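Enquirer: Here's a structure for you.
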Amino acid sequence: MKHTDLILSQLALANNVTLLSRGIPQTMAAFGWKYFLDDVGCKMVLYFHRVSRGVSLNATCLLSGFQAITICSQTSWWRLRTRFSKCLGFCGFSFWILQLLLNAYIPMQVTGPKSSQNTTVNMNFIYCSSLTPNRFLILLHAVIFSSVDLLCLCLMVWASGSMVFVLHRHRQRVQHIHSHRLILRSSREA
């Protein structure tokens with residue numbers, strides 16, 4: 001099994017969980033089914049959606065980094081690649097654990113659509129609702145999730161930029177060889 005296959009299998013699993021946890025309930029709500037999830041169902045659907053969304057972003061970041069390390073031909077990058085390839089399984093497992101822990105607050109915040117509590121509903125997810133959390137908790141969650149997402153996006157931008165740089169440098173080298181062959185062919189025909 002290739003190293004990228006392990007990352008892609010994690011990514012496919014996360015995307016399938018996202019599709020099942022978000023797509024099916026939204027499709028049922030679009031067809032007019034109301035209150036088809038109870039309190040536990042709402043908590044599970046939104047929890048698994050958030051976890052799989054985070055794992056998907058983490059796995060995409062890991063794949064970008066691995067591709068950048070693979071394309072770079074410097075000796076130091078090859079040493080890093082061999083170390084990196086040994087811990088891919090651990091990285092995939094740790095992404096799931098990290099996202100399960102980061103999103104542990106969701107079951108405490110989400111209620112079913114028929115909540116009997118007299119509280120103000122902050123968000124309505126068509127089939128579920130969320131209680132109004134404390135402003136400090138809103139800010140804390142926003143900072144935590146934004147920082148993790150921003151870190152992943154920065155790493156993906158760095159990996160993409162380094163791959164573009166390496167491929168551009170390679171193109172310049174190959175272009176020089178290609179133009180030299182064209183000169184030799186035209187002189188032979190004359």
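Chain identifiers are assigned as A, B, and so on, following the order in which chains appear in the structure tokens; residues are numbered from 1 within each chain, and ligands are numbered from 1 in order of appearance.
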Quick one: residues within 12 Å of Phe84 of chain A, only C-alpha atoms, excluding same-chain residues fewer than 6 positions away - as a PyMOL selection string?
Expert: chain A and resi 3-4+62-63+65-70+77-78+90-91
Enquirer: For the selection you just gave me, I'd like the residues written to a file as a tab-separated table (two decimals), in the first residue's frame, keeping N, CA, C and O atoms.
Expert:
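What follows is the written file part36.tsv:
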chain	number	residue	atom	x	y	z
A	3	HIS	N	2.01	5.19	0.47
A	3	HIS	CA	1.79	6.11	1.58
A	3	HIS	C	0.61	7.03	1.31
A	3	HIS	O	-0.17	7.33	2.22
A	4	THR	N	0.47	7.46	0.08
A	4	THR	CA	-0.65	8.35	-0.24
A	4	THR	C	-1.99	7.62	-0.15
A	4	THR	O	-3.01	8.24	0.13
A	62	LEU	N	-2.25	17.05	5.41
A	62	LEU	CA	-1.21	16.02	5.45
A	62	LEU	C	-0.85	15.56	4.04
A	62	LEU	O	0.34	15.38	3.73
A	63	LEU	N	-1.84	15.39	3.19
A	63	LEU	CA	-1.58	14.97	1.82
A	63	LEU	C	-0.78	16.03	1.05
A	63	LEU	O	0.16	15.70	0.33
A	65	GLY	N	1.28	18.24	2.34
A	65	GLY	CA	2.64	18.22	2.87
A	65	GLY	C	3.44	17.03	2.35
A	65	GLY	O	4.61	17.16	2.00
A	66	PHE	N	2.81	15.86	2.31
A	66	PHE	CA	3.51	14.67	1.82
A	66	PHE	C	3.85	14.81	0.34
A	66	PHE	O	4.93	14.41	-0.09
A	67	GLN	N	2.95	15.37	-0.46
A	67	GLN	CA	3.24	15.58	-1.88
A	67	GLN	C	4.37	16.58	-2.06
A	67	GLN	O	5.22	16.40	-2.94
A	68	ALA	N	4.40	17.62	-1.25
A	68	ALA	CA	5.48	18.61	-1.36
A	68	ALA	C	6.82	17.99	-1.01
A	68	ALA	O	7.82	18.24	-1.69
A	69	ILE	N	6.84	17.17	0.03
A	69	ILE	CA	8.09	16.52	0.42
A	69	ILE	C	8.52	15.52	-0.64
A	69	ILE	O	9.69	15.37	-0.93
A	70	THR	N	7.57	14.84	-1.28
A	70	THR	CA	7.89	13.86	-2.32
A	70	THR	C	8.47	14.54	-3.55
A	70	THR	O	9.43	14.03	-4.15
A	77	TRP	N	15.14	16.78	2.38
A	77	TRP	CA	13.73	16.47	2.24
A	77	TRP	C	13.50	14.97	2.16
A	77	TRP	O	12.50	14.46	2.64
A	78	TRP	N	14.45	14.25	1.52
A	78	TRP	CA	14.29	12.80	1.42
A	78	TRP	C	14.41	12.14	2.78
A	78	TRP	O	13.72	11.16	3.07
A	90	PHE	N	-0.01	6.93	12.51
A	90	PHE	CA	-0.19	7.63	13.78
A	90	PHE	C	-0.81	9.00	13.57
A	90	PHE	O	-1.67	9.43	14.36
A	91	CYS	N	-0.41	9.70	12.50
A	91	CYS	CA	-0.99	11.02	12.20
A	91	CYS	C	-2.48	10.91	11.91
A	91	CYS	O	-3.28	11.70	12.41
Enquirer: Using only C-alpha atoms, determine which residues lie at most 10 Å from segment 9-11 of chain A, disregarding the query and same-chain residues fewer than 2 positions distant; provide the list as a list in words.
Expert: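 The residues that qualify are Thr4, Asp5, Leu6, Ile7, Leu13, Ala14, Asn15, Asn16, Val17, Ser52, Arg53, Val55, Ser56, Leu57, Asn58, Ala59, Thr60, Leu62, Leu63, Gly89, Gly92, Phe93, Phe95 and Trp96 of chain A.
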Enquirer: Could you name the residues that touch Met44 of chain A at 12 Å or less, counting only C-alpha atoms, but leaving out those on the same chain fewer than 3 positions away, as an mmCIF file with all heavy atoms, in the first residue's frame?
Expert:
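After the write, around.cif holds the following:
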data_model
loop_
_atom_site.group_PDB
_atom_site.id
_atom_site.type_symbol
_atom_site.label_atom_id
_atom_site.label_comp_id
_atom_site.auth_asym_id
_atom_site.auth_seq_id
_atom_site.Cartn_x
_atom_site.Cartn_y
_atom_site.Cartn_z
ATOM 1 N N VAL A 17 -18.271 10.073 5.980
ATOM 2 C CA VAL A 17 -18.971 10.369 7.231
ATOM 3 C C VAL A 17 -19.626 11.746 7.142
ATOM 4 O O VAL A 17 -20.760 11.936 7.600
ATOM 5 C CB VAL A 17 -18.009 10.275 8.429
ATOM 6 C CG1 VAL A 17 -18.655 10.790 9.704
ATOM 7 C CG2 VAL A 17 -17.544 8.845 8.626
ATOM 8 N N THR A 18 -18.938 12.710 6.533
ATOM 9 C CA THR A 18 -19.518 14.035 6.346
ATOM 10 C C THR A 18 -20.768 13.960 5.487
ATOM 11 O O THR A 18 -21.798 14.564 5.801
ATOM 12 C CB THR A 18 -18.498 14.993 5.693
ATOM 13 O OG1 THR A 18 -17.348 15.072 6.513
ATOM 14 C CG2 THR A 18 -19.081 16.374 5.498
ATOM 15 N N LEU A 20 -22.750 11.362 4.958
ATOM 16 C CA LEU A 20 -23.840 10.665 5.642
ATOM 17 C C LEU A 20 -24.421 11.482 6.795
ATOM 18 O O LEU A 20 -25.627 11.507 6.998
ATOM 19 C CB LEU A 20 -23.354 9.307 6.155
ATOM 20 C CG LEU A 20 -23.008 8.281 5.093
ATOM 21 C CD1 LEU A 20 -22.414 7.035 5.734
ATOM 22 C CD2 LEU A 20 -24.221 7.919 4.270
ATOM 23 N N SER A 21 -23.556 12.163 7.534
ATOM 24 C CA SER A 21 -24.039 12.874 8.717
ATOM 25 C C SER A 21 -24.690 14.210 8.388
ATOM 26 O O SER A 21 -25.461 14.728 9.189
ATOM 27 C CB SER A 21 -22.894 13.088 9.707
ATOM 28 O OG SER A 21 -21.925 13.946 9.161
ATOM 29 N N ARG A 22 -24.407 14.764 7.252
ATOM 30 C CA ARG A 22 -25.002 16.050 6.901
ATOM 31 C C ARG A 22 -25.960 15.936 5.719
ATOM 32 O O ARG A 22 -27.011 16.565 5.713
ATOM 33 C CB ARG A 22 -23.884 17.045 6.581
ATOM 34 C CG ARG A 22 -24.291 18.458 6.497
ATOM 35 C CD ARG A 22 -24.806 18.975 7.814
ATOM 36 N NE ARG A 22 -24.667 20.415 7.826
ATOM 37 C CZ ARG A 22 -24.797 21.135 8.888
ATOM 38 N NH1 ARG A 22 -25.045 20.565 10.032
ATOM 39 N NH2 ARG A 22 -24.682 22.422 8.826
ATOM 40 N N PRO A 25 -29.647 13.854 6.550
ATOM 41 C CA PRO A 25 -30.650 14.639 7.300
ATOM 42 C C PRO A 25 -31.127 15.886 6.557
ATOM 43 O O PRO A 25 -32.315 16.229 6.622
ATOM 44 C CB PRO A 25 -29.915 15.021 8.585
ATOM 45 C CG PRO A 25 -28.876 13.991 8.745
ATOM 46 C CD PRO A 25 -28.454 13.639 7.361
ATOM 47 N N LEU A 37 -35.407 13.403 13.879
ATOM 48 C CA LEU A 37 -34.317 13.064 14.787
ATOM 49 C C LEU A 37 -34.718 13.470 16.205
ATOM 50 O O LEU A 37 -35.291 14.526 16.424
ATOM 51 C CB LEU A 37 -33.031 13.808 14.409
ATOM 52 C CG LEU A 37 -32.326 13.370 13.140
ATOM 53 C CD1 LEU A 37 -31.160 14.283 12.837
ATOM 54 C CD2 LEU A 37 -31.835 11.936 13.266
ATOM 55 N N ASP A 38 -34.379 12.614 17.148
ATOM 56 C CA ASP A 38 -34.604 12.984 18.538
ATOM 57 C C ASP A 38 -33.377 13.710 19.074
ATOM 58 O O ASP A 38 -32.471 14.064 18.310
ATOM 59 C CB ASP A 38 -34.938 11.746 19.374
ATOM 60 C CG ASP A 38 -33.813 10.720 19.362
ATOM 61 O OD1 ASP A 38 -32.883 10.859 18.544
ATOM 62 O OD2 ASP A 38 -33.868 9.779 20.173
ATOM 63 N N ASP A 39 -33.332 13.925 20.350
ATOM 64 C CA ASP A 39 -32.242 14.679 20.969
ATOM 65 C C ASP A 39 -30.891 13.995 20.742
ATOM 66 O O ASP A 39 -29.918 14.627 20.344
ATOM 67 C CB ASP A 39 -32.524 14.844 22.455
ATOM 68 C CG ASP A 39 -31.607 15.848 23.124
ATOM 69 O OD1 ASP A 39 -31.354 16.911 22.509
ATOM 70 O OD2 ASP A 39 -31.137 15.572 24.241
ATOM 71 N N VAL A 40 -30.829 12.689 20.965
ATOM 72 C CA VAL A 40 -29.577 11.939 20.789
ATOM 73 C C VAL A 40 -29.177 11.914 19.317
ATOM 74 O O VAL A 40 -27.991 12.053 18.981
ATOM 75 C CB VAL A 40 -29.724 10.507 21.350
ATOM 76 C CG1 VAL A 40 -28.485 9.684 21.067
ATOM 77 C CG2 VAL A 40 -30.005 10.547 22.837
ATOM 78 N N GLY A 41 -30.131 11.750 18.428
ATOM 79 C CA GLY A 41 -29.836 11.744 16.991
ATOM 80 C C GLY A 41 -29.257 13.060 16.524
ATOM 81 O O GLY A 41 -28.301 13.088 15.736
ATOM 82 N N TYR A 47 -22.295 16.133 15.803
ATOM 83 C CA TYR A 47 -20.970 15.790 16.328
ATOM 84 C C TYR A 47 -20.128 15.099 15.262
ATOM 85 O O TYR A 47 -18.988 15.487 15.013
ATOM 86 C CB TYR A 47 -21.129 14.913 17.562
ATOM 87 C CG TYR A 47 -19.826 14.519 18.210
ATOM 88 C CD1 TYR A 47 -19.002 15.471 18.792
ATOM 89 C CD2 TYR A 47 -19.427 13.194 18.256
ATOM 90 C CE1 TYR A 47 -17.817 15.111 19.399
ATOM 91 C CE2 TYR A 47 -18.249 12.818 18.859
ATOM 92 C CZ TYR A 47 -17.440 13.776 19.437
ATOM 93 O OH TYR A 47 -16.255 13.423 20.024
ATOM 94 N N PHE A 48 -20.686 14.084 14.624
ATOM 95 C CA PHE A 48 -19.923 13.369 13.597
ATOM 96 C C PHE A 48 -19.642 14.247 12.380
ATOM 97 O O PHE A 48 -18.607 14.099 11.726
ATOM 98 C CB PHE A 48 -20.617 12.071 13.187
ATOM 99 C CG PHE A 48 -20.466 10.985 14.203
ATOM 100 C CD1 PHE A 48 -21.575 10.353 14.727
ATOM 101 C CD2 PHE A 48 -19.219 10.600 14.649
ATOM 102 C CE1 PHE A 48 -21.440 9.350 15.675
ATOM 103 C CE2 PHE A 48 -19.068 9.606 15.588
ATOM 104 C CZ PHE A 48 -20.188 8.982 16.111
ATOM 105 N N HIS A 49 -20.546 15.156 12.079
ATOM 106 C CA HIS A 49 -20.286 16.080 10.975
ATOM 107 C C HIS A 49 -19.095 16.968 11.281
ATOM 108 O O HIS A 49 -18.212 17.149 10.444
ATOM 109 C CB HIS A 49 -21.514 16.936 10.673
ATOM 110 C CG HIS A 49 -21.223 18.043 9.704
ATOM 111 N ND1 HIS A 49 -20.970 17.809 8.371
ATOM 112 C CD2 HIS A 49 -21.102 19.378 9.879
ATOM 113 C CE1 HIS A 49 -20.715 18.961 7.767
ATOM 114 N NE2 HIS A 49 -20.785 19.924 8.666
ATOM 115 N N ARG A 50 -19.048 17.546 12.463
ATOM 116 C CA ARG A 50 -17.932 18.424 12.832
ATOM 117 C C ARG A 50 -16.611 17.656 12.902
ATOM 118 O O ARG A 50 -15.576 18.146 12.462
ATOM 119 C CB ARG A 50 -18.216 19.103 14.172
ATOM 120 C CG ARG A 50 -19.327 20.100 14.155
ATOM 121 C CD ARG A 50 -18.991 21.310 13.352
ATOM 122 N NE ARG A 50 -17.761 21.920 13.854
ATOM 123 C CZ ARG A 50 -17.165 22.947 13.305
ATOM 124 N NH1 ARG A 50 -17.686 23.511 12.248
ATOM 125 N NH2 ARG A 50 -16.061 23.422 13.799
ATOM 126 N N VAL A 51 -16.649 16.451 13.459
ATOM 127 C CA VAL A 51 -15.427 15.643 13.560
ATOM 128 C C VAL A 51 -14.918 15.287 12.170
ATOM 129 O O VAL A 51 -13.729 15.452 11.871
ATOM 130 C CB VAL A 51 -15.680 14.372 14.403
ATOM 131 C CG1 VAL A 51 -14.531 13.395 14.276
ATOM 132 C CG2 VAL A 51 -15.898 14.745 15.862
ATOM 133 N N SER A 52 -15.790 14.824 11.310
ATOM 134 C CA SER A 52 -15.347 14.407 9.975
ATOM 135 C C SER A 52 -14.898 15.604 9.135
ATOM 136 O O SER A 52 -13.977 15.484 8.331
ATOM 137 C CB SER A 52 -16.451 13.639 9.262
ATOM 138 O OG SER A 52 -17.594 14.448 9.092
ATOM 139 N N LEU A 100 -12.176 14.511 17.768
ATOM 140 C CA LEU A 100 -13.157 14.014 18.739
ATOM 141 C C LEU A 100 -13.098 14.827 20.028
ATOM 142 O O LEU A 100 -14.131 15.144 20.620
ATOM 143 C CB LEU A 100 -12.902 12.534 19.041
ATOM 144 C CG LEU A 100 -13.309 11.538 17.955
ATOM 145 C CD1 LEU A 100 -12.762 10.145 18.282
ATOM 146 C CD2 LEU A 100 -14.815 11.491 17.798
ATOM 147 N N ASN A 103 -14.294 18.685 19.454
ATOM 148 C CA ASN A 103 -15.734 18.833 19.243
ATOM 149 C C ASN A 103 -16.565 18.203 20.351
ATOM 150 O O ASN A 103 -17.778 18.024 20.188
ATOM 151 C CB ASN A 103 -16.120 18.221 17.896
ATOM 152 C CG ASN A 103 -15.556 19.014 16.757
ATOM 153 O OD1 ASN A 103 -15.960 20.143 16.545
ATOM 154 N ND2 ASN A 103 -14.611 18.443 16.037
ATOM 155 N N ALA A 104 -15.949 17.905 21.478
ATOM 156 C CA ALA A 104 -16.661 17.255 22.585
ATOM 157 C C ALA A 104 -17.736 18.150 23.181
ATOM 158 O O ALA A 104 -18.650 17.658 23.843
ATOM 159 C CB ALA A 104 -15.670 16.829 23.661
ATOM 160 N N TYR A 105 -17.687 19.437 22.950
ATOM 161 C CA TYR A 105 -18.686 20.349 23.501
ATOM 162 C C TYR A 105 -20.031 20.260 22.763
ATOM 163 O O TYR A 105 -21.056 20.663 23.307
ATOM 164 C CB TYR A 105 -18.177 21.789 23.456
ATOM 165 C CG TYR A 105 -18.229 22.405 22.086
ATOM 166 C CD1 TYR A 105 -19.321 23.190 21.712
ATOM 167 C CD2 TYR A 105 -17.232 22.183 21.150
ATOM 168 C CE1 TYR A 105 -19.396 23.739 20.447
ATOM 169 C CE2 TYR A 105 -17.306 22.724 19.901
ATOM 170 C CZ TYR A 105 -18.383 23.511 19.546
ATOM 171 O OH TYR A 105 -18.458 24.046 18.295
ATOM 172 N N ILE A 106 -20.052 19.745 21.550
ATOM 173 C CA ILE A 106 -21.271 19.751 20.738
ATOM 174 C C ILE A 106 -22.423 18.979 21.388
ATOM 175 O O ILE A 106 -23.544 19.484 21.432
ATOM 176 C CB ILE A 106 -20.970 19.261 19.306
ATOM 177 C CG1 ILE A 106 -20.187 20.338 18.573
ATOM 178 C CG2 ILE A 106 -22.245 18.935 18.549
ATOM 179 C CD1 ILE A 106 -19.772 19.988 17.186
ATOM 180 N N PRO A 107 -22.202 17.781 21.917
ATOM 181 C CA PRO A 107 -23.341 17.097 22.560
ATOM 182 C C PRO A 107 -23.922 17.871 23.742
ATOM 183 O O PRO A 107 -25.085 17.683 24.083
ATOM 184 C CB PRO A 107 -22.745 15.761 23.018
ATOM 185 C CG PRO A 107 -21.603 15.529 22.103
ATOM 186 C CD PRO A 107 -21.050 16.884 21.803
ATOM 187 N N MET A 108 -23.132 18.731 24.351
ATOM 188 C CA MET A 108 -23.650 19.520 25.466
ATOM 189 C C MET A 108 -24.454 20.731 25.003
ATOM 190 O O MET A 108 -25.267 21.261 25.736
ATOM 191 C CB MET A 108 -22.495 19.981 26.350
ATOM 192 C CG MET A 108 -21.774 18.832 27.037
ATOM 193 S SD MET A 108 -20.385 19.388 27.983
ATOM 194 C CE MET A 108 -19.088 19.289 26.766
ATOM 195 N N GLN A 109 -24.220 21.187 23.762
ATOM 196 C CA GLN A 109 -24.856 22.400 23.267
ATOM 197 C C GLN A 109 -26.070 22.151 22.383
ATOM 198 O O GLN A 109 -26.922 23.011 22.245
ATOM 199 C CB GLN A 109 -23.847 23.236 22.465
ATOM 200 C CG GLN A 109 -22.711 23.790 23.283
ATOM 201 C CD GLN A 109 -23.168 24.828 24.268
ATOM 202 O OE1 GLN A 109 -24.085 25.585 24.015
ATOM 203 N NE2 GLN A 109 -22.534 24.860 25.421
ATOM 204 N N VAL A 110 -26.151 20.988 21.765
ATOM 205 C CA VAL A 110 -27.193 20.719 20.777
ATOM 206 C C VAL A 110 -28.367 20.023 21.446
ATOM 207 O O VAL A 110 -28.198 19.148 22.289
ATOM 208 C CB VAL A 110 -26.630 19.848 19.633
ATOM 209 C CG1 VAL A 110 -27.706 19.429 18.665
ATOM 210 C CG2 VAL A 110 -25.536 20.597 18.909
ATOM 211 N N THR A 111 -29.554 20.422 21.040
ATOM 212 C CA THR A 111 -30.778 19.768 21.505
ATOM 213 C C THR A 111 -31.622 19.411 20.291
ATOM 214 O O THR A 111 -31.407 19.916 19.195
ATOM 215 C CB THR A 111 -31.597 20.691 22.427
ATOM 216 O OG1 THR A 111 -31.967 21.855 21.689
ATOM 217 C CG2 THR A 111 -30.830 21.070 23.662
ATOM 218 N N GLY A 112 -32.582 18.538 20.523
ATOM 219 C CA GLY A 112 -33.487 18.162 19.450
ATOM 220 C C GLY A 112 -34.424 19.313 19.112
ATOM 221 O O GLY A 112 -34.518 20.310 19.823
ATOM 222 N N CYS A 128 -32.390 20.251 14.030
ATOM 223 C CA CYS A 128 -31.851 20.358 15.382
ATOM 224 C C CYS A 128 -31.726 21.832 15.745
ATOM 225 O O CYS A 128 -31.822 22.707 14.892
ATOM 226 C CB CYS A 128 -30.460 19.724 15.472
ATOM 227 S SG CYS A 128 -30.431 17.956 15.195
#
Enquirer: What is the atom CA of Cys154 of chain A-atom CA of Phe136 of chain A distance in Å, reported with one decimal?
Expert: 26.4 Å
Enquirer: Of the candidates A:Ile138, A:Cys61, A:Ile97, A:Leu8, which shows the shortest atom-to-atom distance to Leu155 of chain A, using only C-alpha atoms?
Expert: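 Closest candidate: A:Cys61.
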